[in-house]
Protein chains: 2
Amino acid sequence: MRNIKLTIQYDGTNYNGWQIQPNGITIQEILQKNIKKITGEDAKLIGAGRTDAGVHAIGQVASFKTSSGLSSDVIKRALNANLPDDIRILNACDAELDFHPRYDAKSKIYVYVISNFTVISPFLYRYAWKVPHKLHFEDMCNAIEFIRGRHDFSAFRASGCSAKNPVRTVFNISIEKSDTIHFMDIPFAGNFLKVRLEADAFLRHMVRNIVGTIVEIGKGKTKSEEIREIINSKDRRLAGPTAPARGLFLEEINY
Amino acid sequence: MRNIKLTIQYDGTNYNGWQIQPNGITIQEILQKNIKKITGEDAKLIGAGRTDAGVHAIGQVASFKTSSGLSSDVIKRALNANLPDDIRILNACDAELDFHPRYDAKSKIYVYVISNFTVISPFLYRYAWKVPHKLHFEDMCNAIEFIRGRHDFSAFRASGCSAKNPVRTVFNISIEKSDTIHFMDIPFAGNFLKVRLEADAFLRHMVRNIVGTIVEIGKGKTKSEEIREIINSKDRRLAGPTAPARGLFLEEINY
C-alpha cells in the first residue's frame with residue numbers, strides 16, 4: 001500500500017466546495033473519480049482543508065491510499081490530462097503511510113482579497129470582495145491585533161461547524177493595503193486590501209467571519225476594541241456578516 | 001448631439017468577440033443594448049479595435065452619439081450597474097463630435113501571454129497560451145526584429161480581413177521572459193513569455209499570426225531570418241498557425 005500526497009490548485013468559482021455532498025459538483029468528487037479512472041481503485045481522498053463553495057486554493061494538500069504501481073509523476077500527469085482546466089495537480093509524491101493532510105498540518109494560511117473601490121475589473125471580480133464603502137484602514141489594523149493568539153473562536157464559527165473544540169491559535173494575521181494589484185503581471189489600479197491569516201487550524205467560515213467583522217469595523221459600525229468583547233462573548237450573533245467566498249484563497253499548508 | 005467616449009475592460013472568455021454578428025453574444029451588442037436602456041436611443045457604438053472571440057481588453061475605447069442629457073459619470077455608473085461582471089466601463093467622457101475611436105487612434109498596443117510550461121494554473125489558463133515545448137528564446141528575440149517597421153503584413157492577415165491596405169507600421173515589438181507571473185499579486189511559478197506589439201493599426205489576426213510564427217521559430221521549425229522572407233512573400237500559407245485567442249489582450253489605444 002502507498003499513500004500519495006497531492007498539492008492541488010483550483011479556481012473554486014464553478015464548484016460546490018471541496019467536500020463531496022449530495023448537491024453540486026465538488027473538487028473532492030472530481031478528483032476521486034479521476035483517481036479511480038487512473039488506478040482502478042475506489043480511493044478516499046483526504047483534504048487538508050474543506051474549502052467552501054466558491055473558495056479558491058493555491059496550495060491545497062490531499063492524500064489517498066493506493067496499491068497502484070504507477071509512479072507519482074505518472075499519477076500527476078495522468079490526473080492533469082483528465083481534470084478540467086480549473087483544477088490542477090501541482091505535485092504528487094509518495095508520503096509516509098501514516099501521513100494525514102489535516103491532522104499533520106502545523107499551520108494553514110488563508111488570504112482574503114477585498115477590492116475597496118467603486119468598480120471592480122472583469123479580471124478580478126471572481127477573486128475579490130467588492131466593498132465600495134469608505135474603510136478606515138487604521139481601525140482595521142488595530143482590530144486584527146485582538147485576533148492574534150489562542151482563543152475560543154466560537155463567535156466566528158458557522159452554525160454547521162462540526163469541530164469539537166472551538167479553540168484555535170492564530171499565529172499571524174496581517175492586513176495590507178495597495179493601490180494596484182497585479183493580474184498577469186499587469187498592474188490594475190484601485191484600492192485593495194489583503195488579509196492574511198495563519199493558524200493551526202480553522203473553524204468553518206472562521207476566516208470569512210473574521211473578515212466580515214473587520215470590514216464592519218472599517219465602516220465604523222463596530223469599534224476596533226469591541227472585537228475583544230465579540231471573541232469573549234463566543235456569540236456568533238455579535239460578529240459581522242460572513243464575507244463572500246470569492247475573495248478567499250487557501251494559500252498554503254505547512255507540515 | 002454629444003459624442004460619448006468610453007474606456008472599456010472585458011474578459012473575452014464568454015463572448016463571441018467585439019463586433020455584432022448573427023451567432024453568439026458580442027461585447028458591442030451588450031453595450032448597445034444597455035446604452036439604449038439608459039438613453040432610450042438606438043446608438044451605434046464604434047470600437048477602436050474589433051477583438052476576436054475570446055480576446056480580452058484592458059483598455060478598449062469606443063464612442064457613441066447621443067442627445068441624452070445624462071452626465072458622462074451617470075452614464076458610466078448606470079452602464080456598470082446593468083452590465084455583466086465581465087464587462088466594465090472604466091471611464092466615460094464627452095469627446096469632440098468628430099472623434100472617431102478607430103480613425104483617430106495614433107497607436108494600439110496588444111499583449112500576448114504564453115505559458116511555456118507543462119502545467120498551467122487554474123487561475124491563468126483563460127489568459128495564456130500553453131506551449132509545453134522547449135522554446136529557444138534568443139531565436140524568438142531575433143525574429144521579432146524583422147517585424148518592426150512599416151511592412152505589407154499580408155502574410156499575417158486572416159482570409160476574412162476587410163482592410164483595403166495591408167500595410168501597417170509596427171512601432172514597437174518586444175518579448176519578455178519571466179519565471180513567475182503575478183495573479184492577485186501572488187507569484188505563480190512557471191516560464192512565461194510576453195509579446196507586446198504597438199502599431200498604427202492591425203490587420204485581422206495579425207498579432208495572433210505573428211505570435212504563432214514566433215512560436216514556430218522558438219520550436220526550431222522555422223529560422224529567425226525566414227520571417228523576413230515570410231513578410232516579403234505576402235503569403236499567409238508561409239507564416240505559422242494562428243495563436244489561440246485566450247492569450248491576447250488589447251492593452252491600450254493611444255490618441
# chains A, B, ... in the order shown; residues from 1 in each chain; ligands from 1

call {"tool": "residues_around", "arguments": {"residues": "range 206-216 of chain B", "least_positions_apart": "6", "cutoff": "6 Å", "atoms": "only C-alpha atoms", "output": "JSON list (two decimals) with all heavy atoms, in the first residue's frame"}}
result
[["chain", "number", "residue", "atom", "x", "y", "z"],
["B", 140, "MET", "N", 13.65, 33.65, -30.90],
["B", 140, "MET", "CA", 12.39, 34.42, -30.92],
["B", 140, "MET", "C", 12.70, 35.91, -30.86],
["B", 140, "MET", "O", 12.07, 36.72, -31.55],
["B", 140, "MET", "CB", 11.49, 33.98, -29.77],
["B", 140, "MET", "CG", 11.07, 32.50, -29.88],
["B", 140, "MET", "SD", 10.25, 31.88, -28.37],
["B", 140, "MET", "CE", 8.58, 32.44, -28.64],
["B", 156, "PHE", "N", 0.46, 37.81, -42.60],
["B", 156, "PHE", "CA", -0.04, 37.59, -41.23],
["B", 156, "PHE", "C", -1.51, 38.01, -41.11],
["B", 156, "PHE", "O", -1.98, 38.33, -40.02],
["B", 156, "PHE", "CB", 0.81, 38.39, -40.24],
["B", 156, "PHE", "CG", 2.24, 37.96, -40.22],
["B", 156, "PHE", "CD1", 3.22, 38.71, -40.86],
["B", 156, "PHE", "CD2", 2.63, 36.79, -39.57],
["B", 156, "PHE", "CE1", 4.55, 38.31, -40.86],
["B", 156, "PHE", "CE2", 3.95, 36.39, -39.56],
["B", 156, "PHE", "CZ", 4.91, 37.14, -40.21],
["B", 157, "ARG", "N", -2.20, 37.99, -42.22],
["B", 157, "ARG", "CA", -3.55, 38.52, -42.29],
["B", 157, "ARG", "C", -4.55, 37.37, -42.49],
["B", 157, "ARG", "O", -4.34, 36.50, -43.33],
["B", 157, "ARG", "CB", -3.58, 39.45, -43.49],
["B", 157, "ARG", "CG", -4.89, 39.97, -43.90],
["B", 157, "ARG", "CD", -4.70, 40.76, -45.19],
["B", 157, "ARG", "NE", -5.90, 41.50, -45.51],
["B", 157, "ARG", "CZ", -5.96, 42.52, -46.32],
["B", 157, "ARG", "NH1", -4.88, 42.92, -46.94],
["B", 157, "ARG", "NH2", -7.09, 43.13, -46.56],
["B", 222, "THR", "N", 11.15, 26.94, -37.83],
["B", 222, "THR", "CA", 11.42, 27.99, -38.81],
["B", 222, "THR", "C", 12.63, 28.75, -38.27],
["B", 222, "THR", "O", 12.76, 28.90, -37.06],
["B", 222, "THR", "CB", 10.19, 28.94, -38.91],
["B", 222, "THR", "OG1", 9.02, 28.16, -39.12],
["B", 222, "THR", "CG2", 10.35, 29.94, -40.03],
["B", 239, "ALA", "N", 3.43, 31.65, -43.19],
["B", 239, "ALA", "CA", 3.54, 32.01, -41.77],
["B", 239, "ALA", "C", 3.03, 30.87, -40.90],
["B", 239, "ALA", "O", 2.48, 29.88, -41.41],
["B", 239, "ALA", "CB", 2.75, 33.30, -41.51],
["B", 240, "GLY", "N", 3.22, 30.97, -39.60],
["B", 240, "GLY", "CA", 2.82, 29.93, -38.66],
["B", 240, "GLY", "C", 1.32, 29.93, -38.40],
["B", 240, "GLY", "O", 0.59, 30.76, -38.94],
["B", 241, "PRO", "N", 0.86, 28.99, -37.57],
["B", 241, "PRO", "CA", -0.56, 28.91, -37.24],
["B", 241, "PRO", "C", -1.00, 30.11, -36.39],
["B", 241, "PRO", "O", -0.16, 30.78, -35.80],
["B", 241, "PRO", "CB", -0.66, 27.62, -36.43],
["B", 241, "PRO", "CG", 0.70, 27.38, -35.88],
["B", 241, "PRO", "CD", 1.66, 27.97, -36.87],
["B", 242, "THR", "N", -2.28, 30.34, -36.36],
["B", 242, "THR", "CA", -2.85, 31.42, -35.56],
["B", 242, "THR", "C", -2.82, 31.03, -34.09],
["B", 242, "THR", "O", -3.37, 30.00, -33.71],
["B", 242, "THR", "CB", -4.31, 31.67, -36.01],
["B", 242, "THR", "OG1", -4.33, 31.86, -37.43],
["B", 242, "THR", "CG2", -4.91, 32.88, -35.33],
["B", 243, "ALA", "N", -2.18, 31.83, -33.25],
["B", 243, "ALA", "CA", -2.15, 31.55, -31.81],
["B", 243, "ALA", "C", -3.57, 31.70, -31.25],
["B", 243, "ALA", "O", -4.34, 32.51, -31.74],
["B", 243, "ALA", "CB", -1.20, 32.50, -31.12]]

call {"tool": "interface_residues", "arguments": {"of": "chain B", "to": "chain A", "cutoff": "6 Å", "atoms": "only C-alpha atoms", "output": "ChimeraX atom specification"}}
result
/B:10-11,85-87,122,181-185

call {"tool": "atom_distance", "arguments": {"atom1": "CA of Leu250 in chain B", "atom2": "CA of Gly149 in chain B"}}
result
19.9 Å

call {"tool": "residues_around", "arguments": {"residues": "range 21-36 of chain B", "least_positions_apart": "5", "cutoff": "8 Å", "atoms": "only C-alpha atoms", "output": "list in words"}}
result
Tyr15, Asn16, Glu41, Asp42, Ala43, Lys44, Leu45, Gly47, Leu79, Asn82, Leu83 and Ile87 of chain B

call {"tool": "select_by_dssp", "arguments": {"residues": "range 67-227 of chain B", "states": "strand (DSSP E or B)", "output": "MDAnalysis selection string"}}
result
chainID B and resid 87:95 107:115 129:130 149:152 167:183 186:199

call {"tool": "select_by_dssp", "arguments": {"residues": "range 76-126 of chain A", "states": "alpha helix (DSSP H)", "output": "list in words"}}
result
Lys76, Arg77, Ala78, Leu79, Asn80, Ala81 and Asn82 of chain A

call {"tool": "closest_residue", "arguments": {"among": "B:Pro166, B:Pro244, B:Gly69, B:Gly160", "to": "Ile38 in chain B", "atoms": "only C-alpha atoms"}}
result
B:Gly69

call {"tool": "residues_around", "arguments": {"residues": "range 98-101 of chain B", "least_positions_apart": "4", "cutoff": "9 Å", "atoms": "only C-alpha atoms", "output": "PDB file with N, CA, C and O atoms, in the first residue's frame"}}
result
ATOM      1  N   ASN B   3     -20.991  63.230 -28.228  1.00  0.00           N
ATOM      2  CA  ASN B   3     -20.220  62.042 -28.599  1.00  0.00           C
ATOM      3  C   ASN B   3     -19.553  61.537 -27.310  1.00  0.00           C
ATOM      4  O   ASN B   3     -18.650  62.186 -26.784  1.00  0.00           O
ATOM      5  N   LYS B   5     -17.274  59.089 -25.207  1.00  0.00           N
ATOM      6  CA  LYS B   5     -16.137  58.176 -25.353  1.00  0.00           C
ATOM      7  C   LYS B   5     -16.067  57.270 -24.123  1.00  0.00           C
ATOM      8  O   LYS B   5     -16.031  57.760 -22.986  1.00  0.00           O
ATOM      9  N   ILE B  46     -19.067  52.636 -31.812  1.00  0.00           N
ATOM     10  CA  ILE B  46     -17.908  52.380 -32.682  1.00  0.00           C
ATOM     11  C   ILE B  46     -16.703  52.041 -31.811  1.00  0.00           C
ATOM     12  O   ILE B  46     -16.320  52.837 -30.955  1.00  0.00           O
ATOM     13  N   GLY B  47     -16.129  50.873 -32.035  1.00  0.00           N
ATOM     14  CA  GLY B  47     -14.979  50.446 -31.236  1.00  0.00           C
ATOM     15  C   GLY B  47     -13.664  50.770 -31.927  1.00  0.00           C
ATOM     16  O   GLY B  47     -13.602  50.855 -33.153  1.00  0.00           O
ATOM     17  N   ALA B  48     -12.604  50.932 -31.135  1.00  0.00           N
ATOM     18  CA  ALA B  48     -11.285  51.227 -31.701  1.00  0.00           C
ATOM     19  C   ALA B  48     -10.668  49.982 -32.326  1.00  0.00           C
ATOM     20  O   ALA B  48      -9.975  50.060 -33.330  1.00  0.00           O
ATOM     21  N   GLY B  49     -10.920  48.821 -31.738  1.00  0.00           N
ATOM     22  CA  GLY B  49     -10.373  47.581 -32.264  1.00  0.00           C
ATOM     23  C   GLY B  49     -11.411  46.475 -32.174  1.00  0.00           C
ATOM     24  O   GLY B  49     -12.077  46.340 -31.153  1.00  0.00           O
ATOM     25  N   VAL B  61     -11.434  51.229 -26.438  1.00  0.00           N
ATOM     26  CA  VAL B  61     -12.090  52.538 -26.493  1.00  0.00           C
ATOM     27  C   VAL B  61     -13.213  52.467 -27.524  1.00  0.00           C
ATOM     28  O   VAL B  61     -13.068  51.821 -28.564  1.00  0.00           O
ATOM     29  N   ALA B  62     -14.348  53.085 -27.204  1.00  0.00           N
ATOM     30  CA  ALA B  62     -15.479  53.102 -28.131  1.00  0.00           C
ATOM     31  C   ALA B  62     -16.248  54.402 -27.916  1.00  0.00           C
ATOM     32  O   ALA B  62     -16.105  55.042 -26.873  1.00  0.00           O
ATOM     33  N   SER B  63     -17.027  54.796 -28.907  1.00  0.00           N
ATOM     34  CA  SER B  63     -17.839  56.014 -28.718  1.00  0.00           C
ATOM     35  C   SER B  63     -19.204  55.857 -29.365  1.00  0.00           C
ATOM     36  O   SER B  63     -19.386  55.038 -30.264  1.00  0.00           O
ATOM     37  N   ALA B 105      -7.066  56.925 -33.744  1.00  0.00           N
ATOM     38  CA  ALA B 105      -6.054  56.245 -32.923  1.00  0.00           C
ATOM     39  C   ALA B 105      -4.669  56.429 -33.521  1.00  0.00           C
ATOM     40  O   ALA B 105      -4.465  56.188 -34.708  1.00  0.00           O
ATOM     41  N   ILE B 253      -5.188  52.017 -26.278  1.00  0.00           N
ATOM     42  CA  ILE B 253      -5.329  52.762 -27.537  1.00  0.00           C
ATOM     43  C   ILE B 253      -4.785  54.158 -27.265  1.00  0.00           C
ATOM     44  O   ILE B 253      -5.209  54.807 -26.301  1.00  0.00           O
ATOM     45  N   TYR B 255      -4.206  58.126 -28.449  1.00  0.00           N
ATOM     46  CA  TYR B 255      -4.735  59.157 -29.363  1.00  0.00           C
ATOM     47  C   TYR B 255      -3.816  60.367 -29.400  1.00  0.00           C
ATOM     48  O   TYR B 255      -3.037  60.588 -28.492  1.00  0.00           O
TER      49      TYR B 255
END

call {"tool": "closest_residue", "arguments": {"among": "B:Lys37, B:Lys134, B:Arg150, B:Lys219", "to": "Asn232 in chain B", "atoms": "only C-alpha atoms"}}
result
B:Arg150

call {"tool": "atom_distance", "arguments": {"atom1": "CA of Leu203 in chain B", "atom2": "CA of Cys141 in chain B"}}
result
22.2 Å

call {"tool": "closest_residue", "arguments": {"among": "B:Ala92, B:Ser162, B:Arg50, B:Ala143", "to": "Glu225 in chain B", "atoms": "only C-alpha atoms"}}
result
B:Ala143

call {"tool": "atom_distance", "arguments": {"atom1": "CA of Val55 in chain B", "atom2": "CA of Asp200 in chain B"}}
result
19.2 Å

call {"tool": "closest_residue", "arguments": {"among": "A:Glu138, A:Glu145, A:Asp94, A:Asp235", "to": "Ser72 in chain A", "atoms": "only C-alpha atoms"}}
result
A:Asp94
